[in-house]
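Undergrad: upload36.cif is reproduced in full below (mmCIF, C-alpha atoms (C1' of nucleotides)).
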data_final
#
loop_
_atom_site.label_atom_id
_atom_site.label_comp_id
_atom_site.auth_asym_id
_atom_site.auth_seq_id
_atom_site.Cartn_x
_atom_site.Cartn_y
_atom_site.Cartn_z
CA MET A 528 109.44 120.52 68.73
CA LYS A 529 106.04 119.58 67.47
CA ALA A 530 106.84 120.90 64.04
CA GLN A 531 109.97 118.83 64.01
CA LYS A 532 108.12 115.65 64.76
CA ILE A 533 105.70 116.22 61.97
CA ASP A 534 108.56 116.92 59.73
CA LEU A 535 110.25 113.67 60.68
CA ALA A 536 107.11 111.67 60.05
CA GLN A 537 106.85 113.23 56.62
CA ARG A 538 110.43 112.47 55.79
CA LEU A 539 110.09 108.87 56.85
CA GLN A 540 106.92 108.62 54.88
CA HIS A 541 108.71 109.92 51.86
CA VAL A 542 111.56 107.47 52.20
CA GLN A 543 109.08 104.65 52.65
CA ASP A 544 107.29 105.59 49.48
CA GLU A 545 110.50 105.75 47.57
CA PHE A 546 111.54 102.42 48.94
CA VAL A 547 108.26 100.70 48.18
CA GLU A 548 108.46 101.99 44.64
CA LEU A 549 111.98 100.64 44.37
CA TRP A 550 110.91 97.25 45.62
CA ASN A 551 108.06 97.29 43.18
CA ASN A 552 110.55 97.54 40.33
CA MET A 553 112.78 94.95 41.87
CA GLY A 554 109.94 92.46 41.73
CA SER A 555 110.77 91.48 38.18
CA LEU A 556 114.34 90.75 39.18
CA TRP A 557 113.22 88.46 41.96
CA GLY A 558 110.49 86.89 39.91
CA ILE A 559 107.65 88.01 42.12
CA SER A 560 104.69 90.14 41.20
CA PRO A 561 104.98 93.90 41.70
CA THR A 562 102.27 94.12 44.33
CA MET A 563 103.68 91.25 46.29
CA ALA A 564 107.00 93.03 46.16
CA ARG A 565 105.50 96.32 47.29
CA ILE A 566 103.89 94.74 50.29
CA HIS A 567 107.12 93.10 51.22
CA GLY A 568 109.00 96.34 50.69
CA LEU A 569 106.68 98.14 53.05
CA LEU A 570 107.08 95.50 55.72
CA TYR A 571 110.83 95.46 55.31
CA ILE A 572 111.42 99.18 55.41
CA THR A 573 109.11 99.95 58.32
CA GLY A 574 110.41 97.00 60.29
CA ALA A 575 107.04 96.85 62.01
CA ALA A 576 104.32 94.25 62.23
CA LEU A 577 101.43 95.61 60.20
CA SER A 578 97.85 94.47 59.85
CA MET A 579 96.03 94.00 56.60
CA ASP A 580 94.24 97.27 57.18
CA ASP A 581 97.49 99.11 57.66
CA ILE A 582 98.79 97.73 54.41
CA MET A 583 95.58 98.42 52.51
CA GLU A 584 95.71 101.98 53.62
CA LYS A 585 99.38 102.65 53.07
CA LEU A 586 99.48 101.09 49.63
CA GLY A 587 95.95 101.82 48.52
CA ILE A 588 95.09 98.30 47.45
CA SER A 589 92.09 96.14 48.15
CA ARG A 590 91.64 93.72 50.99
CA GLY A 591 91.46 90.64 48.78
CA ASN A 592 94.62 91.60 46.99
CA VAL A 593 96.50 92.14 50.23
CA SER A 594 95.25 88.84 51.56
CA MET A 595 96.34 86.85 48.54
CA ASN A 596 99.73 88.42 48.28
CA LEU A 597 100.43 88.14 51.98
CA SER A 598 99.73 84.46 51.92
CA LYS A 599 102.17 84.05 49.04
CA LEU A 600 104.78 85.99 50.97
CA VAL A 601 104.26 83.76 53.97
CA GLU A 602 104.51 80.72 51.73
CA TRP A 603 107.80 81.97 50.34
CA GLY A 604 108.98 82.50 53.87
CA LEU A 605 109.75 86.17 53.41
CA VAL A 606 107.08 87.28 55.84
CA ARG A 607 105.64 85.76 58.96
CA ARG A 608 102.40 86.11 60.83
CA VAL A 609 102.60 87.46 64.33
CA HIS A 610 99.88 87.84 66.89
CA LYS A 611 99.37 90.58 69.40
CA ARG A 612 97.80 89.70 72.67
CA GLY A 613 94.28 90.95 73.07
CA ASP A 614 93.98 91.69 69.39
CA ARG A 615 92.23 89.40 67.00
CA LYS A 616 93.82 90.84 63.92
CA ASP A 617 96.77 89.10 62.31
CA TYR A 618 99.91 91.13 61.93
CA TYR A 619 102.67 90.53 59.45
CA GLU A 620 106.34 91.23 59.63
CA SER A 621 109.21 90.80 57.21
CA LEU A 622 112.43 88.97 57.77
CA SER A 623 115.11 91.50 58.50
CA ASP A 624 118.19 89.66 57.28
CA VAL A 625 118.90 90.60 53.70
CA TRP A 626 121.04 87.56 53.08
CA GLU A 627 118.38 85.26 54.31
CA MET A 628 115.72 86.89 52.18
CA PHE A 629 117.89 86.65 49.12
CA THR A 630 118.64 83.00 49.75
CA LEU A 631 114.99 82.17 50.14
CA VAL A 632 114.15 83.78 46.85
CA ALA A 633 117.05 82.15 45.08
CA ASN A 634 116.00 78.74 46.33
CA GLN A 635 112.42 79.20 45.31
CA ARG A 636 113.46 80.18 41.84
CA LYS A 637 115.86 77.33 41.53
CA ARG A 638 113.26 74.83 42.53
CA ARG A 639 110.53 76.31 40.41
CA GLU A 640 112.49 77.27 37.33
CA ILE A 641 115.90 75.67 37.06
CA ASP A 642 115.00 72.16 38.11
CA PRO A 643 112.28 71.66 35.50
CA ILE A 644 114.63 73.00 32.85
CA LEU A 645 117.22 70.42 33.77
CA THR A 646 114.66 67.66 33.52
CA THR A 647 113.70 68.68 30.02
CA LEU A 648 117.28 69.09 28.93
CA ARG A 649 118.16 65.62 30.10
CA ARG A 650 115.29 64.24 28.09
CA CYS A 651 116.47 66.12 25.02
CA LYS A 652 119.93 64.73 25.44
CA GLU A 653 118.46 61.26 25.79
CA GLU A 654 116.58 61.60 22.54
CA LEU A 655 119.72 62.65 20.72
CA SER A 656 121.96 59.99 22.16
CA PRO A 657 123.58 57.36 19.91
CA GLU A 658 121.48 54.74 21.68
CA ALA A 659 118.30 56.41 20.59
CA LEU A 660 119.40 57.37 17.10
CA GLY A 661 121.50 54.38 16.09
CA ALA A 662 123.38 54.85 12.84
CA GLN A 663 121.71 58.18 12.27
CA ALA A 664 123.68 59.64 15.13
CA GLU A 665 126.49 60.11 12.63
CA ALA A 666 124.56 62.77 10.79
CA GLU A 667 126.10 66.19 11.10
CA ALA A 668 122.86 67.85 12.16
CA ALA A 669 122.28 65.31 14.90
CA GLN A 670 125.75 65.79 16.25
CA GLU A 671 125.45 69.53 16.28
CA HIS A 672 122.17 69.35 18.16
CA PHE A 673 123.63 66.92 20.60
CA ARG A 674 126.65 69.11 21.20
CA ARG A 675 124.53 72.17 21.92
CA VAL A 676 122.15 70.46 24.24
CA ASN A 677 125.06 68.98 26.04
CA GLU A 678 126.92 72.24 26.45
CA LEU A 679 123.93 73.79 28.02
CA LEU A 680 123.32 70.83 30.23
CA LYS A 681 126.89 70.94 31.48
CA PHE A 682 126.56 74.60 32.24
CA LEU A 683 123.29 74.34 34.09
CA SER A 684 124.32 71.26 36.00
CA MET A 685 127.26 73.17 37.28
CA VAL A 686 125.10 76.10 38.28
CA GLU A 687 122.73 73.76 39.99
CA SER A 688 125.38 71.97 41.97
CA LEU A 689 126.86 75.24 43.11
CA ALA A 690 123.45 76.46 44.10
CA GLN A 691 122.94 73.28 46.02
CA ARG A 692 126.08 73.94 47.92
CA PHE A 693 125.92 77.66 48.49
CA PHE A 694 122.29 78.58 48.46
CA GLU A 695 120.84 76.05 50.77
CA SER A 696 121.36 78.40 53.67
CA HIS A 697 122.25 82.04 53.90
CA ARG A 698 125.45 81.07 55.63
CA GLY A 699 126.45 79.27 52.46
CA LEU A 700 125.80 82.38 50.47
CA ARG A 701 127.94 84.50 52.73
CA GLU A 702 130.68 81.96 52.46
CA ALA A 703 130.56 82.02 48.67
CA VAL A 704 130.58 85.78 48.50
CA GLU A 705 133.47 86.04 50.89
CA LEU A 706 135.41 83.57 48.85
CA LEU A 707 134.85 85.54 45.69
CA ALA A 708 135.48 88.88 47.28
CA GLN A 709 138.73 87.63 48.67
CA GLU A 710 139.91 86.49 45.28
CA ALA A 711 139.00 89.83 43.80
CA ASP A 712 141.61 91.67 45.81
CA MET B 1182 117.65 54.51 4.06
CA LYS B 1183 115.11 57.05 2.95
CA ALA B 1184 112.78 56.12 5.77
CA GLN B 1185 115.62 56.56 8.19
CA LYS B 1186 116.34 60.04 6.97
CA ILE B 1187 112.78 61.10 7.32
CA ASP B 1188 112.77 59.61 10.71
CA LEU B 1189 115.87 61.55 11.69
CA ALA B 1190 114.39 64.81 10.49
CA GLN B 1191 111.32 64.16 12.56
CA ARG B 1192 113.30 63.38 15.63
CA LEU B 1193 115.39 66.51 15.30
CA GLN B 1194 112.25 68.47 14.73
CA HIS B 1195 110.81 67.07 17.87
CA VAL B 1196 113.85 67.91 19.93
CA GLN B 1197 113.86 71.39 18.49
CA ASP B 1198 110.27 71.90 19.51
CA GLU B 1199 110.93 70.66 22.98
CA PHE B 1200 113.95 72.89 23.26
CA VAL B 1201 112.18 75.99 22.01
CA GLU B 1202 109.43 75.39 24.51
CA LEU B 1203 112.03 75.06 27.24
CA TRP B 1204 113.67 78.29 26.23
CA ASN B 1205 110.30 79.92 26.18
CA ASN B 1206 109.87 79.10 29.86
CA MET B 1207 113.38 80.16 30.63
CA GLY B 1208 112.62 83.62 29.35
CA SER B 1209 111.26 84.75 32.68
CA LEU B 1210 114.43 83.64 34.41
CA TRP B 1211 116.56 85.66 32.03
CA GLY B 1212 114.24 88.61 32.06
CA ILE B 1213 113.40 88.49 28.37
CA SER B 1214 110.02 88.04 26.77
CA PRO B 1215 108.90 84.51 25.92
CA THR B 1216 108.87 85.09 22.19
CA MET B 1217 112.28 86.65 22.20
CA ALA B 1218 113.45 83.63 24.11
CA ARG B 1219 111.81 81.20 21.70
CA ILE B 1220 113.47 82.81 18.73
CA HIS B 1221 116.79 82.67 20.43
CA GLY B 1222 116.19 79.07 21.44
CA LEU B 1223 115.50 78.10 17.86
CA LEU B 1224 118.65 79.80 16.63
CA TYR B 1225 120.71 78.24 19.36
CA ILE B 1226 119.52 74.69 18.97
CA THR B 1227 119.65 74.56 15.20
CA GLY B 1228 123.02 76.26 15.12
CA ALA B 1229 122.12 77.57 11.70
CA ALA B 1230 121.73 81.04 10.25
CA LEU B 1231 118.02 81.47 9.65
CA SER B 1232 116.06 84.12 7.79
CA MET B 1233 113.02 85.90 9.13
CA ASP B 1234 110.86 83.71 6.92
CA ASP B 1235 112.39 80.56 8.34
CA ILE B 1236 111.67 81.74 11.86
CA MET B 1237 108.15 82.87 11.06
CA GLU B 1238 107.39 79.49 9.66
CA LYS B 1239 109.01 77.37 12.32
CA LEU B 1240 107.51 79.28 15.22
CA GLY B 1241 104.29 80.41 13.59
CA ILE B 1242 104.62 84.06 14.48
CA SER B 1243 104.19 87.19 12.43
CA ARG B 1244 106.82 89.05 10.52
CA GLY B 1245 106.61 92.19 12.62
CA ASN B 1246 106.98 90.23 15.78
CA VAL B 1247 110.01 88.40 14.50
CA SER B 1248 111.54 91.62 13.32
CA MET B 1249 111.12 93.40 16.63
CA ASN B 1250 112.37 90.55 18.71
CA LEU B 1251 115.32 89.87 16.48
CA SER B 1252 116.46 93.43 16.74
CA LYS B 1253 116.30 93.20 20.52
CA LEU B 1254 118.31 90.00 20.43
CA VAL B 1255 120.91 91.68 18.26
CA GLU B 1256 120.94 94.62 20.65
CA TRP B 1257 121.53 92.30 23.59
CA GLY B 1258 124.35 90.70 21.63
CA LEU B 1259 122.89 87.21 21.78
CA VAL B 1260 122.33 87.01 18.05
CA ARG B 1261 124.12 88.47 15.10
CA ARG B 1262 123.13 89.29 11.58
CA VAL B 1263 124.94 87.48 8.85
CA HIS B 1264 124.71 88.00 5.13
CA LYS B 1265 124.85 85.46 2.41
CA ARG B 1266 126.38 86.51 -0.84
CA GLY B 1267 123.89 86.94 -3.63
CA ASP B 1268 120.98 86.94 -1.21
CA ARG B 1269 119.30 90.09 -0.08
CA LYS B 1270 117.68 88.49 2.92
CA ASP B 1271 119.24 88.94 6.32
CA TYR B 1272 120.12 85.84 8.22
CA TYR B 1273 120.51 85.53 11.94
CA GLU B 1274 122.63 83.26 14.02
CA SER B 1275 123.00 82.76 17.75
CA LEU B 1276 126.15 82.83 19.77
CA SER B 1277 127.17 79.28 20.50
CA ASP B 1278 129.09 79.72 23.74
CA VAL B 1279 126.78 79.20 26.68
CA TRP B 1280 129.03 81.05 29.10
CA GLU B 1281 129.22 84.02 26.85
CA MET B 1282 125.47 84.15 26.43
CA PHE B 1283 124.91 83.93 30.12
CA THR B 1284 127.41 86.68 30.82
CA LEU B 1285 125.79 88.96 28.30
CA VAL B 1286 122.40 88.51 29.88
CA ALA B 1287 123.76 88.98 33.37
CA ASN B 1288 125.43 92.21 32.38
CA GLN B 1289 122.38 93.56 30.70
CA ARG B 1290 120.30 92.87 33.75
CA LYS B 1291 122.84 94.39 36.05
CA ARG B 1292 122.98 97.55 34.03
CA ARG B 1293 119.27 97.81 33.53
CA GLU B 1294 118.02 96.67 36.91
CA ILE B 1295 120.63 96.61 39.65
CA ASP B 1296 122.31 99.89 38.89
CA PRO B 1297 119.15 102.00 39.09
CA ILE B 1298 118.25 100.29 42.33
CA LEU B 1299 121.58 101.25 43.82
CA THR B 1300 121.07 104.83 42.80
CA THR B 1301 117.72 104.99 44.55
CA LEU B 1302 119.02 103.27 47.64
CA ARG B 1303 121.85 105.72 47.96
CA ARG B 1304 119.39 108.55 47.78
CA CYS B 1305 117.27 106.94 50.50
CA LYS B 1306 120.31 106.58 52.68
CA GLU B 1307 121.17 110.20 52.08
CA GLU B 1308 117.74 111.32 53.18
CA LEU B 1309 118.03 109.36 56.38
CA SER B 1310 121.53 110.44 57.25
CA PRO B 1311 122.23 112.46 60.39
CA GLU B 1312 123.24 115.36 58.19
CA ALA B 1313 119.83 115.49 56.62
CA LEU B 1314 117.82 114.80 59.75
CA GLY B 1315 119.78 116.66 62.37
CA ALA B 1316 118.62 116.02 65.91
CA GLN B 1317 115.71 113.94 64.65
CA ALA B 1318 118.15 111.28 63.56
CA GLU B 1319 118.07 110.08 67.15
CA ALA B 1320 114.49 108.93 66.81
CA GLU B 1321 114.11 105.18 66.99
CA ALA B 1322 112.06 104.96 63.81
CA ALA B 1323 114.62 106.95 61.86
CA GLN B 1324 117.43 104.76 63.06
CA GLU B 1325 115.60 101.59 62.17
CA HIS B 1326 114.88 102.85 58.68
CA PHE B 1327 118.46 103.88 58.27
CA ARG B 1328 119.74 100.54 59.40
CA ARG B 1329 117.54 98.64 57.01
CA VAL B 1330 118.35 100.77 54.01
CA ASN B 1331 121.97 100.46 54.85
CA GLU B 1332 121.93 96.69 55.21
CA LEU B 1333 120.41 96.37 51.82
CA LEU B 1334 122.82 98.83 50.33
CA LYS B 1335 125.76 96.94 51.71
CA PHE B 1336 124.43 93.72 50.31
CA LEU B 1337 123.76 95.06 46.85
CA SER B 1338 127.03 96.95 46.68
CA MET B 1339 128.80 93.73 47.34
CA VAL B 1340 126.82 91.94 44.65
CA GLU B 1341 127.56 94.76 42.28
CA SER B 1342 131.26 94.79 42.88
CA LEU B 1343 131.47 91.05 42.43
CA ALA B 1344 129.51 91.32 39.24
CA GLN B 1345 131.88 94.01 38.08
CA ARG B 1346 134.76 91.68 38.62
CA PHE B 1347 133.39 88.38 37.46
CA PHE B 1348 130.73 89.14 34.94
CA GLU B 1349 132.45 91.59 32.75
CA SER B 1350 133.65 88.79 30.52
CA HIS B 1351 132.76 85.15 30.28
CA ARG B 1352 136.30 84.31 31.27
CA GLY B 1353 135.60 86.00 34.58
CA LEU B 1354 132.53 83.91 35.06
CA ARG B 1355 134.39 80.69 34.41
CA GLU B 1356 137.00 81.77 36.87
CA ALA B 1357 134.42 82.42 39.55
CA VAL B 1358 132.66 79.14 39.01
CA GLU B 1359 135.89 77.21 39.12
CA LEU B 1360 136.82 78.90 42.33
CA LEU B 1361 133.54 78.00 43.93
CA ALA B 1362 133.46 74.48 42.58
CA GLN B 1363 136.92 73.89 43.92
CA GLU B 1364 135.93 75.01 47.36
CA ALA B 1365 132.92 72.71 47.28
CA ASP B 1366 135.07 69.58 47.15
"C1'" DT C 314 75.82 77.91 70.31
"C1'" DA C 315 75.33 82.43 68.55
"C1'" DC C 316 77.56 86.48 67.43
"C1'" DA C 317 81.02 89.59 65.88
"C1'" DA C 318 85.52 90.32 63.98
"C1'" DT C 319 88.69 88.89 60.49
"C1'" DT C 320 90.27 86.57 56.57
"C1'" DT C 321 89.74 84.09 52.29
"C1'" DT C 322 87.66 83.08 48.02
"C1'" DC C 323 85.91 83.97 43.54
"C1'" DA C 324 83.34 86.03 39.74
"C1'" DT C 325 83.84 90.18 37.47
"C1'" DA C 326 86.25 94.12 35.86
"C1'" DT C 327 90.53 96.42 34.66
"C1'" DC C 328 94.90 96.80 33.08
"C1'" DT C 329 99.03 95.54 30.78
"C1'" DT C 330 101.55 93.12 27.68
"C1'" DC C 331 102.13 91.02 23.42
"C1'" DC C 332 100.85 90.02 18.67
"C1'" DT C 333 99.16 90.93 14.16
"C1'" DA C 334 98.28 93.01 9.75
"C1'" DA C 335 98.93 96.73 7.06
"C1'" DA C 336 101.42 100.71 5.80
"C1'" DA C 337 105.73 103.07 5.59
"C1'" DG C 338 110.66 102.93 4.96
"C1'" DG C 339 115.15 101.76 2.77
"C1'" DG C 340 118.12 100.35 -0.61
"C1'" DC C 341 119.26 97.68 -4.80
"C1'" DT C 342 119.00 97.11 -9.77
"C1'" DA C 343 117.72 98.23 -14.20
"C1'" DT D 1109 113.99 107.21 -10.69
"C1'" DA D 1110 110.71 103.37 -10.88
"C1'" DG D 1111 109.97 98.97 -9.26
"C1'" DC D 1112 111.01 95.23 -6.44
"C1'" DC D 1113 112.27 92.93 -2.23
"C1'" DC D 1114 112.89 92.92 2.30
"C1'" DT D 1115 112.59 95.14 7.01
"C1'" DT D 1116 110.69 98.19 10.45
"C1'" DT D 1117 107.11 100.75 12.53
"C1'" DT D 1118 102.55 101.39 14.20
"C1'" DA D 1119 97.70 101.31 15.54
"C1'" DG D 1120 94.47 98.37 17.15
"C1'" DG D 1121 92.95 94.07 19.01
"C1'" DA D 1122 93.40 89.61 21.70
"C1'" DA D 1123 95.17 87.04 25.48
"C1'" DG D 1124 96.80 86.87 29.84
"C1'" DA D 1125 97.70 88.73 34.27
"C1'" DT D 1126 96.09 91.46 38.29
"C1'" DA D 1127 92.90 93.85 41.15
"C1'" DT D 1128 88.38 94.53 43.13
"C1'" DG D 1129 84.44 93.92 46.19
"C1'" DA D 1130 81.10 91.33 48.12
"C1'" DA D 1131 79.82 86.86 49.72
"C1'" DA D 1132 81.38 82.83 52.17
"C1'" DA D 1133 84.24 80.79 55.44
"C1'" DT D 1134 86.86 80.88 59.52
"C1'" DT D 1135 88.13 82.14 64.09
"C1'" DG D 1136 87.66 83.67 68.64
"C1'" DT D 1137 84.50 85.18 72.54
"C1'" DA D 1138 80.66 85.42 75.49
#
What does this structure look like when you write it as structure tokens?
TA:
Amino acid sequence: MKAQKIDLAQRLQHVQDEFVELWNNMGSLWGISPTMARIHGLLYITGAALSMDDIMEKLGISRGNVSMNLSKLVEWGLVRRVHKRGDRKDYYESLSDVWEMFTLVANQRKRREIDPILTTLRRCKEELSPEALGAQAEAEAAQEHFRRVNELLKFLSMVESLAQRFFESHRGLREAVELLAQEAD
Amino acid sequence: MKAQKIDLAQRLQHVQDEFVELWNNMGSLWGISPTMARIHGLLYITGAALSMDDIMEKLGISRGNVSMNLSKLVEWGLVRRVHKRGDRKDYYESLSDVWEMFTLVANQRKRREIDPILTTLRRCKEELSPEALGAQAEAEAAQEHFRRVNELLKFLSMVESLAQRFFESHRGLREAVELLAQEAD
DNA sequence: TACAATTTTCATATCTTCCTAAAAGGGCTA
DNA sequence: TAGCCCTTTTAGGAAGATATGAAAATTGTA
């Protein structure tokens, strides 16, 4: 029986390592740094509230690094601080709902990356508009530029409005996915 | 009239610069390197077939760099080589359809990032299955790990099957967007 | 308030990624 | 096949991103 327990612990450990490594790679997809992703992966897979020391030890990274990345994770909303009575340490635990996590990340990225792009694109369009160019707007080159900026703007505006609708909560996301899945039958 | 033409050229130049800079930032969102993105941005906004020398000059980057990034762009399918009769230089031109470009990028990322993740996740699930763990599968920790891996797997499988359906061509993407937009009314 | 336990900050060090310049490669044309 | 023109590859270096560790700040307790 003892041997079995040790065995189990090892197996879990192994799966955890594999999972953390996986999350590490997934960081680039989510637009977060690898270490931040690893910490989150560890918290997600274990499902436990861990202290900084736990994390330092399990991932072999320094205290400062853990501290900085944890505070980013908390800021993103993927992880929250929890306290244990009679213990002065802070503990951290991951959200457990995959949909919710995904939605949070998607929203962050939208706000931080898509929105500024839209602003710039609108300005470009402005600068190429007939009002700004006057008679020169007739020029072939100007028209081509205008057309391309506009195409892109149309596309991204659409993406943005859908995101608005479906990504503002994880319920919205579920709804969207169900809708699409249904159609796929 | 002359002054106007010069003026127009300057304005277009300015918009191009702004656009290239924008694309540069967008690189991270698409998962391509900033320079690769800038080159593509330039080709997209000008709508012209440019030579390596043109690109080197307009973006101020070295020949080797342009060469490497162009070949990646061609590999991704975002840019294609074109030849001009009586000219030994290669020229490069971007796709013009925004939907098509987006679909290409999405597919690349799926293949290169999501698919490997799914493979790993399935292996993790395997290792945590009752078959692999036997009686130990009853342990609370094992069950929690299993549940979490499984949640994620379900989520990503769904994403993957939707992507299969809707991202395999840009027509599919349009279809999906229309469906969602409709529902949003 | 003083002390001890934690966490955060920040200057420094390390690592990775990207870029360049130069050399090698490939293919026309004469 | 020699010479030219253009492209690709590569080794090394520069810039940027990340991690570290120790000092400073914060927090809770007596």
Undergrad: Tell me, in Å to one decimal, how far CA of Arg1328 in chain B is from CA of Leu1309 in chain B.
TA: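 Taking CA of Arg1328 in chain B as the start and CA of Leu1309 in chain B as the end point, the length is 9.5 Å.
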Undergrad: Starting from chain B, keep only residues with some atom at most 8 Å from an atom of chain C, counting all atoms listed in the file, and report them as an MDAnalysis selection string.
TA: chainID B and resid 1243 1245:1246
Undergrad: Can you list what the PyMOL selection byres ((chain B) within 9 of (chain D)) grabs from this structure, as a ChimeraX atom specification?
TA: /B:1245,1248-1249,1269-1271
Undergrad: Apply the PyMOL selection byres ((chain B and resi 1206) around 12) to the file shown and report the selected residues as a ChimeraX atom specification.
TA: /A:639-644,647 /B:1199-1205,1207-1219,1222
Undergrad: Output the selection as a tab-separated table (two decimals), keeping the file's coordinate frame - C-alpha atoms for each residue.
TA:
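Now in result.tsv:
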chain	number	residue	atom	x	y	z
A	639	ARG	CA	110.53	76.31	40.41
A	640	GLU	CA	112.49	77.27	37.33
A	641	ILE	CA	115.90	75.67	37.06
A	642	ASP	CA	115.00	72.16	38.11
A	643	PRO	CA	112.28	71.66	35.50
A	644	ILE	CA	114.63	73.00	32.85
A	647	THR	CA	113.70	68.68	30.02
B	1199	GLU	CA	110.93	70.66	22.98
B	1200	PHE	CA	113.95	72.89	23.26
B	1201	VAL	CA	112.18	75.99	22.01
B	1202	GLU	CA	109.43	75.39	24.51
B	1203	LEU	CA	112.03	75.06	27.24
B	1204	TRP	CA	113.67	78.29	26.23
B	1205	ASN	CA	110.30	79.92	26.18
B	1207	MET	CA	113.38	80.16	30.63
B	1208	GLY	CA	112.62	83.62	29.35
B	1209	SER	CA	111.26	84.75	32.68
B	1210	LEU	CA	114.43	83.64	34.41
B	1211	TRP	CA	116.56	85.66	32.03
B	1212	GLY	CA	114.24	88.61	32.06
B	1213	ILE	CA	113.40	88.49	28.37
B	1214	SER	CA	110.02	88.04	26.77
B	1215	PRO	CA	108.90	84.51	25.92
B	1216	THR	CA	108.87	85.09	22.19
B	1217	MET	CA	112.28	86.65	22.20
B	1218	ALA	CA	113.45	83.63	24.11
B	1219	ARG	CA	111.81	81.20	21.70
B	1222	GLY	CA	116.19	79.07	21.44
Undergrad: Just so the selection is clear, what residues does the PyMOL selection byres ((chain B and resi 1314) around 12) cover here, as a count of residues only?
TA: 25
Undergrad: Any idea what the distance is between CA of Cys651 in chain A and CA of Asp1198 in chain B?
TA: 10.1 Å
Undergrad: By how many Å are CA of Leu600 in chain A and CA of Thr630 in chain A apart?
TA: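 Here the two named atoms are 14.2 Å from each other.
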Undergrad: Which residues come within 8 Å of Leu679 in chain A, counting all atoms listed in the file, excluding same-chain residues fewer than 4 positions away, as an MDAnalysis selection string?
TA: (chainID A and resid 675 683) or (chainID B and resid 1279)
Undergrad: Nearest to chain A: which of B:Met1237, B:Ile1226, B:Leu1334, B:Val1247 is it, counting all atoms listed in the file?
TA: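 Distance minimum relative to chain A lands on B:Ile1226.
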Undergrad: I'd like to know which of B:Ile1220, B:Ala1344, B:Ile1236, B:Val1196 is closest to chain A, using only C-alpha atoms.
TA: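 Among the listed residues, the smallest separation from chain A belongs to B:Val1196.
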Undergrad: Closest to chain B among A:Leu586, A:Val632, A:Val601, A:Val676, using all atoms listed in the file?
TA: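 Selected residue with least distance to chain B: A:Val676.
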Undergrad: Considering only C-alpha atoms, state which residue in the set B:Val1263, B:Leu1285, B:Ser1275, B:Gly1228 is at the smallest distance from chain A.
TA: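 Answer, going by the shortest atom-to-atom distance: B:Gly1228.
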Undergrad: Measuring atom to atom with all atoms listed in the file, identify which of B:Phe1348, B:Tyr1273, B:Trp1280, B:Trp1257 is nearest to chain A.
TA: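 Using all atoms listed in the file, chain A sits closest to B:Trp1280.
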Undergrad: Using all atoms listed in the file for the distances, tell me which of B:Gly1267, B:Gly1241, B:Gly1258, B:Gly1353 is nearest to chain A.
TA: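 Of the candidates, the smallest distance to chain A is held by B:Gly1353.
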